[in-house]
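Here is protein-v6.txt, consisting of compact mmCIF, C-alpha atoms:
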```
# COMPACT_ATOMS: atom_id res chain seq x y z
CA MET A 51 64.50 -70.55 -6.16
CA THR A 52 64.28 -72.70 -3.11
CA GLY A 53 60.82 -74.13 -2.48
CA ASN A 54 58.85 -76.61 -0.46
CA ILE A 55 58.01 -76.90 3.17
CA ALA A 56 60.56 -78.73 5.24
CA ASN A 57 59.81 -81.91 7.06
CA ILE A 58 59.00 -81.50 10.69
CA ASN A 59 60.69 -84.63 12.01
CA GLY A 60 62.64 -84.02 15.16
CA ASP A 61 61.19 -80.56 15.76
CA PRO A 62 59.38 -81.39 19.04
CA GLU A 63 62.62 -82.78 20.45
CA LEU A 64 64.52 -79.61 19.48
CA ILE A 65 61.81 -77.48 21.05
CA ARG A 66 61.90 -79.57 24.24
CA LEU A 67 65.69 -79.22 24.44
CA PHE A 68 65.42 -75.44 24.10
CA LYS A 69 62.66 -75.23 26.71
CA GLN A 70 64.92 -77.16 29.08
CA GLY A 71 67.56 -74.47 28.62
CA ASP A 72 69.74 -76.32 26.14
CA ILE A 73 70.79 -73.80 23.50
CA ARG A 74 71.66 -76.63 21.11
CA GLY A 75 67.95 -77.09 20.47
CA TYR A 76 67.67 -73.51 19.24
CA ASN A 77 70.90 -73.69 17.22
CA GLU A 78 69.69 -76.79 15.44
CA ILE A 79 66.36 -75.16 14.60
CA VAL A 80 68.21 -72.18 13.07
CA ARG A 81 70.52 -74.40 11.03
CA LYS A 82 67.63 -76.53 9.86
CA TYR A 83 65.33 -73.70 8.74
CA GLN A 84 67.61 -70.75 8.03
CA LYS A 85 67.57 -71.19 4.23
CA GLN A 86 63.83 -71.67 3.99
CA VAL A 87 63.11 -68.70 6.23
CA TYR A 88 65.63 -66.60 4.31
CA TRP A 89 64.03 -67.44 0.96
CA VAL A 90 60.50 -66.77 2.20
CA ILE A 91 61.72 -63.32 3.14
CA ARG A 92 64.00 -62.80 0.13
CA LYS A 93 61.19 -63.53 -2.33
CA MET A 94 59.10 -60.97 -0.57
CA VAL A 95 61.64 -58.15 -0.18
CA LEU A 96 63.86 -59.19 -3.13
CA ASP A 97 66.99 -57.50 -1.73
CA HIS A 98 69.59 -59.75 -0.01
CA ASP A 99 70.69 -57.29 2.70
CA THR A 100 67.11 -56.58 3.69
CA ALA A 101 66.34 -60.29 3.66
CA ASP A 102 69.38 -60.90 5.88
CA ASP A 103 68.24 -58.28 8.44
CA ILE A 104 64.70 -59.65 8.55
CA THR A 105 65.91 -63.25 8.80
CA GLN A 106 67.95 -62.35 11.86
CA GLU A 107 64.98 -60.50 13.38
CA VAL A 108 62.79 -63.54 12.79
CA PHE A 109 65.19 -65.90 14.54
CA ILE A 110 65.66 -63.46 17.41
CA LYS A 111 61.88 -63.39 17.75
CA VAL A 112 61.88 -67.19 17.68
CA TYR A 113 64.48 -67.23 20.47
CA SER A 114 62.27 -65.09 22.72
CA ALA A 115 58.95 -66.73 21.78
CA LEU A 116 59.89 -70.40 21.42
CA LYS A 117 59.48 -71.07 25.15
CA ASP A 118 55.80 -70.14 24.77
CA PHE A 119 55.29 -72.08 21.53
CA ARG A 120 52.36 -74.46 22.14
CA GLU A 121 53.06 -76.73 19.15
CA GLU A 122 49.45 -76.43 17.95
CA SER A 123 50.91 -75.97 14.47
CA ASN A 124 54.17 -77.46 13.23
CA LEU A 125 57.34 -75.49 13.78
CA PHE A 126 57.96 -74.54 10.16
CA THR A 127 54.40 -73.22 9.71
CA TRP A 128 55.01 -71.10 12.78
CA LEU A 129 58.35 -69.86 11.39
CA TYR A 130 56.76 -69.25 8.01
CA ARG A 131 54.02 -67.16 9.57
CA ILE A 132 56.51 -65.04 11.49
CA ALA A 133 58.72 -64.56 8.42
CA THR A 134 55.79 -63.61 6.19
CA ASN A 135 54.37 -61.15 8.70
CA TYR A 136 57.76 -59.52 9.26
CA SER A 137 58.20 -59.19 5.49
CA ILE A 138 54.72 -57.73 4.96
CA ASN A 139 55.33 -55.25 7.80
CA HIS A 140 58.62 -54.25 6.22
CA LEU A 141 57.02 -53.78 2.79
CA ASN A 142 54.20 -51.71 4.21
CA LYS A 143 56.70 -49.50 6.03
CA THR A 144 58.82 -48.97 2.92
CA LYS A 145 56.00 -48.61 0.41
CA VAL A 146 57.16 -45.22 -0.92
CA ARG A 147 60.77 -46.31 -1.29
CA ASN A 148 59.70 -49.40 -3.24
CA THR A 149 57.74 -47.30 -5.72
CA VAL A 150 60.86 -45.22 -6.38
CA SER A 151 63.06 -48.30 -6.76
CA VAL A 152 60.72 -49.75 -9.40
CA GLU A 153 61.25 -46.66 -11.53
CA LEU A 154 65.02 -46.93 -11.12
CA VAL A 155 65.05 -50.62 -12.02
CA LEU A 156 63.12 -49.99 -15.22
CA GLU A 157 65.53 -47.49 -16.73
CA PRO A 158 68.13 -49.87 -18.21
CA ILE A 159 65.42 -52.25 -19.39
CA GLU A 160 63.58 -49.57 -21.32
CA SER A 161 66.74 -48.89 -23.32
CA GLN A 162 66.48 -52.36 -24.82
CA ASP A 163 64.79 -52.28 -28.18
CA LYS A 164 64.96 -56.02 -28.75
CA GLY A 165 61.63 -57.65 -27.81
CA ALA A 166 62.46 -61.35 -27.79
CA ASP A 167 62.94 -63.18 -24.46
CA GLU A 168 66.04 -64.89 -25.78
CA GLU A 169 67.83 -61.57 -26.28
CA ILE A 170 67.44 -60.44 -22.71
CA ASP A 171 70.05 -61.87 -20.43
CA GLU A 172 69.31 -63.44 -17.11
CA ASN A 173 70.18 -60.35 -15.13
CA GLN A 174 67.71 -58.27 -17.07
CA ARG A 175 65.02 -60.91 -16.74
CA ARG A 176 65.48 -60.86 -13.01
CA LYS A 177 65.21 -57.08 -12.92
CA VAL A 178 61.97 -57.18 -14.90
CA LEU A 179 60.50 -59.82 -12.64
CA GLU A 180 61.60 -57.98 -9.51
CA ALA A 181 60.06 -54.81 -10.86
CA ALA A 182 56.86 -56.70 -11.63
CA ILE A 183 56.75 -58.21 -8.13
CA GLU A 184 57.40 -54.82 -6.60
CA THR A 185 54.21 -53.52 -8.20
CA LEU A 186 52.18 -56.04 -6.19
CA PRO A 187 50.65 -55.13 -2.85
CA ALA A 188 52.39 -56.87 0.07
CA GLN A 189 49.61 -59.42 0.59
CA GLN A 190 49.38 -60.35 -3.10
CA ARG A 191 53.14 -60.74 -3.16
CA ALA A 192 53.04 -63.03 -0.13
CA VAL A 193 50.24 -65.12 -1.66
CA PHE A 194 52.07 -65.40 -4.97
CA ASN A 195 55.26 -66.60 -3.24
CA MET A 196 53.45 -69.05 -0.98
CA ARG A 197 51.39 -70.51 -3.79
CA TYR A 198 53.79 -70.45 -6.74
CA TYR A 199 57.19 -71.05 -5.09
CA ASP A 200 56.26 -72.89 -1.89
CA GLN A 201 53.14 -74.59 -3.26
CA LEU A 202 51.18 -74.17 -0.04
CA PRO A 203 47.49 -75.14 -0.11
CA TYR A 204 45.09 -72.20 -0.23
CA ASP A 205 43.61 -72.98 3.17
CA GLU A 206 47.06 -72.93 4.77
CA ILE A 207 47.89 -69.61 3.13
CA ALA A 208 44.54 -68.31 4.35
CA SER A 209 45.39 -69.51 7.84
CA ILE A 210 48.83 -67.87 7.83
CA LEU A 211 47.52 -64.53 6.59
CA GLY A 212 44.23 -64.67 8.48
CA LYS A 213 42.15 -64.28 5.31
CA SER A 214 39.42 -66.28 3.57
CA THR A 215 40.40 -69.03 1.10
CA GLY A 216 38.34 -67.41 -1.67
CA GLY A 217 40.12 -64.13 -1.13
CA ILE A 218 43.50 -65.86 -1.27
CA LYS A 219 42.58 -67.57 -4.58
CA ALA A 220 41.60 -64.21 -6.04
CA ASN A 221 44.84 -62.67 -4.73
CA TYR A 222 46.91 -65.33 -6.48
CA PHE A 223 45.01 -64.96 -9.74
CA HIS A 224 45.42 -61.16 -9.75
CA ALA A 225 49.10 -61.41 -8.81
CA VAL A 226 49.89 -63.71 -11.74
CA LYS A 227 47.82 -61.56 -14.09
CA LYS A 228 49.58 -58.34 -13.00
CA ILE A 229 53.02 -59.89 -13.33
CA GLY A 230 52.13 -61.16 -16.80
CA GLU A 231 50.86 -57.76 -17.94
CA PHE A 232 53.93 -56.03 -16.53
CA VAL A 233 56.42 -58.45 -18.10
CA LYS A 234 54.57 -58.41 -21.44
CA GLY A 235 54.66 -54.60 -21.41
CA LYS A 236 58.42 -54.55 -20.79
CA ILE A 237 59.31 -57.16 -23.38
CA GLU A 238 57.16 -55.58 -26.12
CA ARG A 239 58.86 -52.14 -25.79
CA MET B 185 33.84 -80.44 -9.67
CA ASN B 186 30.94 -78.61 -11.19
CA ASN B 187 31.17 -78.57 -14.99
CA LYS B 188 29.04 -75.46 -15.17
CA LEU B 189 31.67 -73.04 -13.89
CA ASN B 190 31.46 -69.63 -15.49
CA ILE B 191 34.35 -68.05 -17.39
CA GLU B 192 35.63 -66.01 -14.43
CA GLU B 193 35.70 -69.03 -12.14
CA ILE B 194 37.61 -71.02 -14.78
CA LYS B 195 40.09 -68.17 -15.25
CA LEU B 196 40.68 -68.19 -11.52
CA LEU B 197 41.85 -71.81 -11.75
CA ILE B 198 44.10 -71.41 -14.81
CA PRO B 199 47.32 -70.37 -12.95
CA ASP B 200 47.01 -73.53 -10.85
CA TYR B 201 46.28 -75.53 -14.00
CA VAL B 202 49.51 -74.22 -15.54
CA THR B 203 51.56 -75.23 -12.50
CA GLY B 204 49.82 -78.60 -12.26
CA SER B 205 48.29 -77.89 -8.86
CA LEU B 206 44.73 -78.99 -9.68
CA ASP B 207 43.23 -82.44 -9.22
CA LYS B 208 42.17 -84.61 -12.16
CA SER B 209 38.54 -83.51 -12.31
CA GLU B 210 39.50 -79.85 -12.22
CA ASN B 211 42.07 -80.43 -14.97
CA LEU B 212 39.37 -81.98 -17.17
CA VAL B 213 37.05 -79.01 -16.75
CA ILE B 214 39.80 -76.51 -17.58
CA GLU B 215 41.05 -78.47 -20.62
CA LYS B 216 37.54 -78.60 -21.99
CA ALA B 217 37.03 -74.87 -21.44
CA ILE B 218 40.36 -74.03 -23.13
CA SER B 219 39.50 -76.09 -26.15
CA GLU B 220 35.96 -74.69 -26.47
CA ASN B 221 36.41 -71.05 -25.52
CA HIS B 222 38.82 -68.69 -27.31
CA GLU B 223 38.84 -66.14 -24.49
CA ILE B 224 39.82 -68.78 -21.99
CA HIS B 225 42.36 -70.19 -24.42
CA ASP B 226 44.01 -66.78 -24.87
CA PHE B 227 44.04 -66.22 -21.16
CA TYR B 228 45.60 -69.62 -20.59
CA MET B 229 48.38 -68.81 -23.07
CA GLU B 230 49.10 -65.51 -21.28
CA MET B 231 49.31 -67.25 -17.90
CA LYS B 232 51.52 -69.96 -19.33
CA ASP B 233 53.97 -67.39 -20.77
CA THR B 234 54.02 -65.41 -17.55
CA LEU B 235 54.73 -68.36 -15.31
CA ALA B 236 57.29 -69.69 -17.75
CA TYR B 237 59.05 -66.35 -17.54
CA VAL B 238 58.92 -66.41 -13.75
CA GLU B 239 60.27 -69.96 -13.75
CA THR B 240 63.33 -68.96 -15.75
CA VAL B 241 64.32 -66.19 -13.37
CA LYS B 242 66.61 -67.19 -10.53
CA LEU B 243 67.38 -64.93 -7.64
CA GLU B 244 71.05 -64.73 -6.78
CA GLU B 245 72.03 -67.23 -4.09
CA PRO B 246 73.95 -66.00 -1.05
CA SER B 247 77.46 -67.42 -0.64
CA PRO B 248 77.93 -70.57 1.53
CA VAL B 249 79.84 -68.42 4.03
CA TYR B 250 76.65 -66.47 4.62
CA TRP B 251 74.87 -69.60 5.88
CA ASN B 252 77.79 -70.48 8.13
CA ASN B 253 77.88 -67.00 9.66
CA LEU B 254 74.16 -66.51 10.12
CA LEU B 255 73.81 -68.38 13.42
CA PRO B 256 76.79 -66.65 15.12
CA ARG B 257 75.48 -63.26 13.98
CA ILE B 258 72.03 -64.07 15.33
CA HIS B 259 73.57 -65.01 18.70
CA GLU B 260 75.57 -61.80 18.66
CA LYS B 261 72.40 -59.78 18.20
CA ILE B 262 70.59 -61.74 20.92
CA GLU B 263 73.44 -60.99 23.34
CA GLN B 264 73.34 -57.32 22.39
CA GLN B 265 69.62 -57.18 23.06
CA GLN B 266 70.03 -59.04 26.34
CA SER B 267 72.75 -56.65 27.50
CA ALA B 268 70.58 -53.75 26.42
CA GLY B 269 67.73 -55.33 28.36
CA PHE B 270 70.02 -55.60 31.42
CA SER B 271 70.74 -51.90 31.18
CA TRP B 272 67.06 -51.16 31.12
CA GLU B 273 66.60 -53.29 34.18
CA LYS B 274 69.36 -51.38 35.88
CA LEU B 275 67.78 -48.15 34.81
CA SER B 276 64.47 -49.24 36.27
CA VAL B 277 66.18 -49.86 39.62
CA PHE B 278 67.68 -46.39 39.38
CA TRP B 279 64.22 -44.97 38.73
CA LYS B 280 62.81 -46.92 41.67
CA VAL B 281 65.13 -44.94 43.94
CA PHE B 282 65.25 -41.72 42.03
CA ALA B 283 61.54 -41.24 41.38
CA PRO B 284 60.44 -40.91 45.04
CA VAL B 285 63.41 -38.68 45.87
CA ALA B 286 62.67 -36.49 42.86
CA ALA B 287 59.02 -36.29 43.91
CA ILE B 288 59.95 -35.18 47.44
CA VAL B 289 62.40 -32.59 46.14
CA LEU B 290 59.80 -31.29 43.71
CA ILE B 291 57.19 -30.98 46.46
CA ALA B 292 59.71 -29.16 48.66
CA VAL B 293 60.66 -26.77 45.87
CA LEU B 294 57.00 -26.08 45.10
CA TYR B 295 56.27 -25.53 48.79
CA PHE B 296 59.06 -23.00 49.20
CA ALA B 297 58.25 -21.33 45.91
CA LEU B 298 54.54 -20.89 46.61
CA ARG B 299 54.77 -20.18 50.37
CA PRO B 300 54.72 -16.44 51.49
CA SER B 301 58.24 -15.23 52.27
CA ASP B 302 59.53 -14.51 55.82
CA ILE B 303 59.70 -10.80 55.08
CA GLN B 304 56.11 -10.78 53.96
CA LEU B 305 55.14 -12.75 57.05
CA THR B 306 56.90 -10.22 59.30
CA GLU B 307 55.16 -7.35 57.56
CA ASP B 308 51.80 -9.03 57.95
CA LYS B 309 52.50 -9.69 61.59
CA LYS B 310 53.51 -6.09 62.16
CA THR B 311 50.32 -4.86 60.57
CA GLU B 312 48.31 -7.24 62.67
CA ASN B 313 50.01 -6.10 65.87
CA VAL B 314 49.56 -2.44 65.11
CA THR B 315 45.91 -2.99 64.31
CA ARG B 316 45.44 -4.78 67.59
CA ASP B 317 47.18 -1.97 69.45
CA SER B 318 45.15 0.68 67.75
CA MET B 319 41.98 -1.11 68.72
CA LYS B 320 43.11 -1.03 72.31
CA ASN B 321 44.34 2.55 72.09
CA PRO B 322 42.58 4.87 69.66
CA ASP B 323 45.27 7.53 70.08
CA SER B 324 47.88 5.31 68.52
CA PRO B 325 49.99 6.66 65.66
CA LYS B 326 48.31 6.86 62.33
CA ASP B 327 50.99 5.15 60.39
CA VAL B 328 48.87 2.04 60.18
CA ASN B 329 46.39 1.27 57.59
CA SER B 330 44.16 4.29 57.28
CA ASN B 331 41.18 2.24 56.22
CA GLU B 332 41.33 0.25 59.40
CA ASN B 333 41.51 3.44 61.43
CA LYS B 334 38.49 4.78 59.66
CA LYS B 335 36.60 1.62 60.32
CA GLU B 336 37.65 1.66 63.91
CA SER B 337 36.60 5.24 64.44
CA THR B 338 33.29 4.52 62.77
CA ASP B 339 32.77 1.66 65.18
CA ARG B 340 33.54 3.84 68.11
CA LYS B 341 31.15 6.49 66.88
CA ASN B 342 28.45 3.90 66.56
CA GLU B 343 29.13 2.81 70.11
CA LEU B 344 28.81 6.37 71.32
CA VAL B 345 25.60 6.80 69.38
CA LYS B 346 24.24 3.69 71.03
CA GLU B 347 25.24 5.03 74.42
CA ASN B 348 23.71 8.41 73.64
CA PRO B 349 20.81 7.86 71.37
CA VAL B 350 19.25 11.04 70.01
CA GLN B 351 15.64 10.75 70.81
CA GLU B 352 12.94 12.54 68.93
CA SER B 353 10.73 12.81 71.99
CA PRO B 354 10.16 16.15 73.71
CA ASN B 355 11.86 14.72 76.83
CA SER B 356 15.22 14.75 75.19
CA VAL B 357 16.59 17.55 77.38
CA GLU B 358 15.51 15.65 80.46
CA HIS B 359 17.16 12.57 79.19
CA ARG B 360 20.40 14.44 78.59
CA SER B 361 20.15 15.88 82.04
CA SER B 362 19.90 12.49 83.62
CA TYR B 363 22.84 11.38 81.49
CA TYR B 364 24.99 14.26 82.71
CA LYS B 365 23.93 13.50 86.27
CA LYS B 366 25.21 10.01 85.90
CA GLU B 367 28.43 11.26 84.39
CA ILE B 368 28.94 13.68 87.25
CA GLN B 369 28.35 10.92 89.76
CA LYS B 370 30.91 8.81 87.94
CA ASP B 371 33.40 11.65 88.00
CA GLU B 372 32.83 12.15 91.68
CA GLN B 373 33.38 8.52 92.35
CA THR B 374 36.52 8.57 90.22
CA ALA B 375 37.75 11.61 92.04
CA LYS B 376 37.18 9.85 95.32
CA ASP B 377 39.05 6.78 94.17
CA VAL B 378 41.84 8.35 92.17
CA VAL B 379 42.45 11.74 93.79
CA PRO B 380 43.05 11.46 97.43
CA ASN B 381 43.99 15.09 97.64
CA ASP B 382 42.02 16.75 100.44
CA GLU B 383 41.97 20.09 98.72
CA ILE B 384 40.30 18.69 95.69
CA ARG B 385 37.75 16.99 97.92
CA GLU B 386 37.07 20.32 99.53
CA VAL B 387 36.46 21.87 96.13
CA LEU B 388 34.16 19.08 95.15
CA LYS B 389 32.16 19.57 98.31
CA ASP B 390 31.44 23.13 97.24
CA VAL B 391 29.98 21.99 93.98
CA PRO B 392 26.18 22.22 94.33
CA LYS B 393 24.48 18.87 94.01
CA ASP B 394 21.28 20.15 92.73
CA GLU B 395 19.12 17.90 90.58
CA ASN B 396 18.85 20.64 88.03
CA LEU B 397 22.56 20.87 87.76
CA ALA B 398 22.76 18.84 84.59
CA ALA B 399 20.08 20.84 82.92
CA ASP B 400 21.81 24.04 83.94
CA ILE B 401 25.09 22.86 82.57
CA GLU B 402 23.41 21.91 79.38
CA GLU B 403 21.72 25.20 79.07
CA SER B 404 24.67 27.22 80.14
CA SER B 405 26.94 25.39 77.76
CA ILE B 406 24.81 26.61 74.96
CA LEU B 407 24.05 30.03 76.27
CA ALA B 408 27.36 30.73 77.94
CA SER B 409 28.93 32.31 75.00
CA GLY B 410 27.81 32.87 71.52
CA GLU B 411 31.12 31.84 70.09
CA SER B 412 31.65 28.76 72.24
CA ALA B 413 28.10 27.61 71.62
CA GLY B 414 28.43 28.38 67.96
CA LEU B 415 25.62 31.00 68.08
CA ASP B 416 25.79 34.61 67.04
CA GLU B 417 24.68 37.43 69.34
CA GLU B 418 21.31 37.93 67.74
CA THR B 419 20.36 34.28 68.18
CA GLU B 420 21.55 34.41 71.75
CA ALA B 421 19.43 37.47 72.46
CA GLU B 422 16.42 35.84 70.89
CA LEU B 423 16.88 32.77 72.99
CA LYS B 424 16.91 34.80 76.13
CA LYS B 425 13.66 36.44 75.12
CA LEU B 426 11.87 33.17 74.67
CA ASP B 427 9.95 31.46 77.45
CA ASP B 428 11.06 28.11 78.84
CA LYS B 429 8.87 26.03 76.60
CA ASP B 430 9.91 27.68 73.35
CA ARG B 431 13.51 27.71 74.48
CA ASN B 432 13.47 23.99 75.18
CA LYS B 433 11.93 23.41 71.80
CA LEU B 434 14.54 25.53 70.07
CA LEU B 435 17.33 23.88 71.99
CA GLU B 436 16.04 20.52 71.06
CA GLU B 437 15.99 21.49 67.41
CA LEU B 438 19.49 22.81 67.69
CA LEU B 439 20.68 19.63 69.35
CA ASN B 440 19.05 17.50 66.74
CA SER B 441 20.64 19.54 63.99
CA ASN B 442 24.07 18.89 65.59
CA LEU B 443 24.94 22.55 65.79
```
Would you put the structure from the file into structure tokens?
Amino acid sequence: MTGNIANINGDPELIRLFKQGDIRGYNEIVRKYQKQVYWVIRKMVLDHDTADDITQEVFIKVYSALKDFREESNLFTWLYRIATNYSINHLNKTKVRNTVSVELVLEPIESQDKGADEEIDENQRRKVLEAAIETLPAQQRAVFNMRYYDQLPYDEIASILGKSTGGIKANYFHAVKKIGEFVKGKIER
Amino acid sequence: MNNKLNIEEIKLLIPDYVTGSLDKSENLVIEKAISENHEIHDFYMEMKDTLAYVETVKLEEPSPVYWNNLLPRIHEKIEQQQSAGFSWEKLSVFWKVFAPVAAIVLIAVLYFALRPSDIQLTEDKKTENVTRDSMKNPDSPKDVNSNENKKESTDRKNELVKENPVQESPNSVEHRSSYYKKEIQKDEQTAKDVVPNDEIREVLKDVPKDENLAADIEESSILASGESAGLDEETEAELKKLDDKDRNKLLEELLNSNL
């Protein structure tokens, strides 16, 4: 999966261009950060089509809000915050549907009697992991993605989600533990 | 880093230890705990397996075409929203004009709906006119409101009662006499003014202008005829037998009893 925070070089210039009415500033921002924003969302919602819709919504929001962006934080942190919040909102709205989809995902995996990791192909591994991630509450999922995949410091995650650092550490610990228990349960069947 | 972290605090750091996200001092504490404590060791192994599993899973990458088309599709959506926003603006202008007009029309409709109709107004006016007429002329037709007529007649009766109060004093006959005198004088005056006929004046001259005339009329009106006075023959005969004092007393009683 794609990781790490992008460099912020050139962002103030792009923002200035856009604020002056030059659409090229906005276009360059989209090109520069589209993959990172997409993957932040994709790792949260797991489904490509949903990730695509939310990515577009995020950049539309950026288009309307960038003129008021005060540059107190760097541009990618701002984009990251918007993407994460949009994803969490989406997950909270579709909570019931996600629960159903977990059950559906598990069916073909349960038919496997072979317990060893090596005997499960990549597609099945992905399904198990997606099912495990889907069991996490939206905030734990966001913390897991930010910490494990994007390697953000705890205080930055806390800042993005508006929570305490201690709470974020506990969220990450519980997320990893739950995923482990879920995966272990599926493989041992 | 405090070396005296409890088991739960060390467990909390193990996922970061597995991914190599801790600093050197933290790593030393965790390594020591793993080597000394079986529970922590087992937990570390679980976390290691879990994160190794997660590491091996790759989500399917979108095609390169997707990244090339994303920006144009975003612009398309922005334009759609802007055009939709323009429509709303247009709609708001429409409402700016329509809202006051709609309010005026609504007020007008409510006014005409709640206002009394012309027919009802005419009927009310008719009633009012007839009532006014009947007050002026008591002999007006009785096709008006009967309650109003009753009230009116009651008022007139009260007026008459005020003009002719029934007194309980023994001088009541004298009072009536003076009243009749006044009435006769009025009639004479009216006759003078209204009837210029000489013959009638001649007749009026023959009418005696005695002071006791009123009393006589009063008395005679009662005693003239038993039927006209509402008395039977026996009562009439008894009245004639009585002296003046008793008769006056009896008459007074009769008058007071409205016979």
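Going from atom CA of Gly71 of chain A to atom CA of Ile110 of chain A covers 15.8 Å.
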Listed atoms of segment 237-241 of chain B boxed axis-aligned with 4 Å per side, centre + edges as JSON:
```
{"center_x": 61.6, "center_y": -68.1, "center_z": -15.5, "size_x": 13.4, "size_y": 11.8, "size_z": 12.2}
```
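Between atom CA of Leu64 of chain A and atom CA of Phe109 of chain A the interatomic distance comes to 14.6 Å.
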Under the rule of at most 6 Å, produce a per-residue listing of chain B near chain A: chain, number, name, the closest pair of atoms, and the distance in Å, as JSON lines, using all atoms listed in the file.
```
{"residue": "B:Leu196", "atom": "CA", "partner": "A:Phe223", "partner_atom": "CA", "distance": 5.7}
{"residue": "B:Thr234", "atom": "CA", "partner": "A:Gly230", "partner_atom": "CA", "distance": 4.7}
{"residue": "B:Val241", "atom": "CA", "partner": "A:Arg176", "partner_atom": "CA", "distance": 5.5}
{"residue": "B:Lys242", "atom": "CA", "partner": "A:Met51", "partner_atom": "CA", "distance": 5.9}
{"residue": "B:Ile258", "atom": "CA", "partner": "A:Gln106", "partner_atom": "CA", "distance": 5.6}
```
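From atom CA of Glu230 of chain B back to atom CA of Ala182 of chain A, the distance works out to 15.2 Å.
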So which one's closest to Ile79 of chain A, B:Leu255, B:Leu439, B:Val293, B:Met229? Using all atoms listed in the file, please.
B:Leu255
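Compared by their closest atoms to Glu184 of chain A, and using all atoms listed in the file, the residues A:Lys143, A:Arg120, A:Ser137, A:Val95 rank with A:Val95 nearest.
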If I put a ball of radius 12 Å at (36.1, -79.3, -12.8) in the file's coordinates, which residues poke into it when counting all atoms listed in the file, written as number ranges by chain?
B: 185-190, 193-194, 197-198, 201, 206-217
Residues near Met196 of chain A, anyone? I mean within 12 Å using all atoms listed in the file, not counting same-chain ones fewer than 4 positions away, as number ranges by chain.
A: 52-55, 86, 89-91, 93-94, 127, 130-131, 133-134, 189-192, 200-211, 218-219, 221-222, 225
Considering all atoms listed in the file, can you say which of B:Glu312, B:Glu244, B:Glu223, B:Glu417 comes closest to Ile191 of chain B?
B:Glu223
Just the residues within 12 Å of Glu63 of chain A, please, counting only C-alpha atoms, with nothing from its chain fewer than 2 positions along; format it as a PyMOL selection string.
chain A and resi 58-61+65-70+72+74-76+78-79+121+125
Using C-alpha atoms, can you write the selected residues to a file as an mmCIF file, in the frame of the given file?
```cif
data_model
loop_
_atom_site.group_PDB
_atom_site.id
_atom_site.type_symbol
_atom_site.label_atom_id
_atom_site.label_comp_id
_atom_site.auth_asym_id
_atom_site.auth_seq_id
_atom_site.Cartn_x
_atom_site.Cartn_y
_atom_site.Cartn_z
ATOM 1 C CA ILE A 58 59.000 -81.500 10.690
ATOM 2 C CA ASN A 59 60.690 -84.630 12.010
ATOM 3 C CA GLY A 60 62.640 -84.020 15.160
ATOM 4 C CA ASP A 61 61.190 -80.560 15.760
ATOM 5 C CA ILE A 65 61.810 -77.480 21.050
ATOM 6 C CA ARG A 66 61.900 -79.570 24.240
ATOM 7 C CA LEU A 67 65.690 -79.220 24.440
ATOM 8 C CA PHE A 68 65.420 -75.440 24.100
ATOM 9 C CA LYS A 69 62.660 -75.230 26.710
ATOM 10 C CA GLN A 70 64.920 -77.160 29.080
ATOM 11 C CA ASP A 72 69.740 -76.320 26.140
ATOM 12 C CA ARG A 74 71.660 -76.630 21.110
ATOM 13 C CA GLY A 75 67.950 -77.090 20.470
ATOM 14 C CA TYR A 76 67.670 -73.510 19.240
ATOM 15 C CA GLU A 78 69.690 -76.790 15.440
ATOM 16 C CA ILE A 79 66.360 -75.160 14.600
ATOM 17 C CA GLU A 121 53.060 -76.730 19.150
ATOM 18 C CA LEU A 125 57.340 -75.490 13.780
#
```
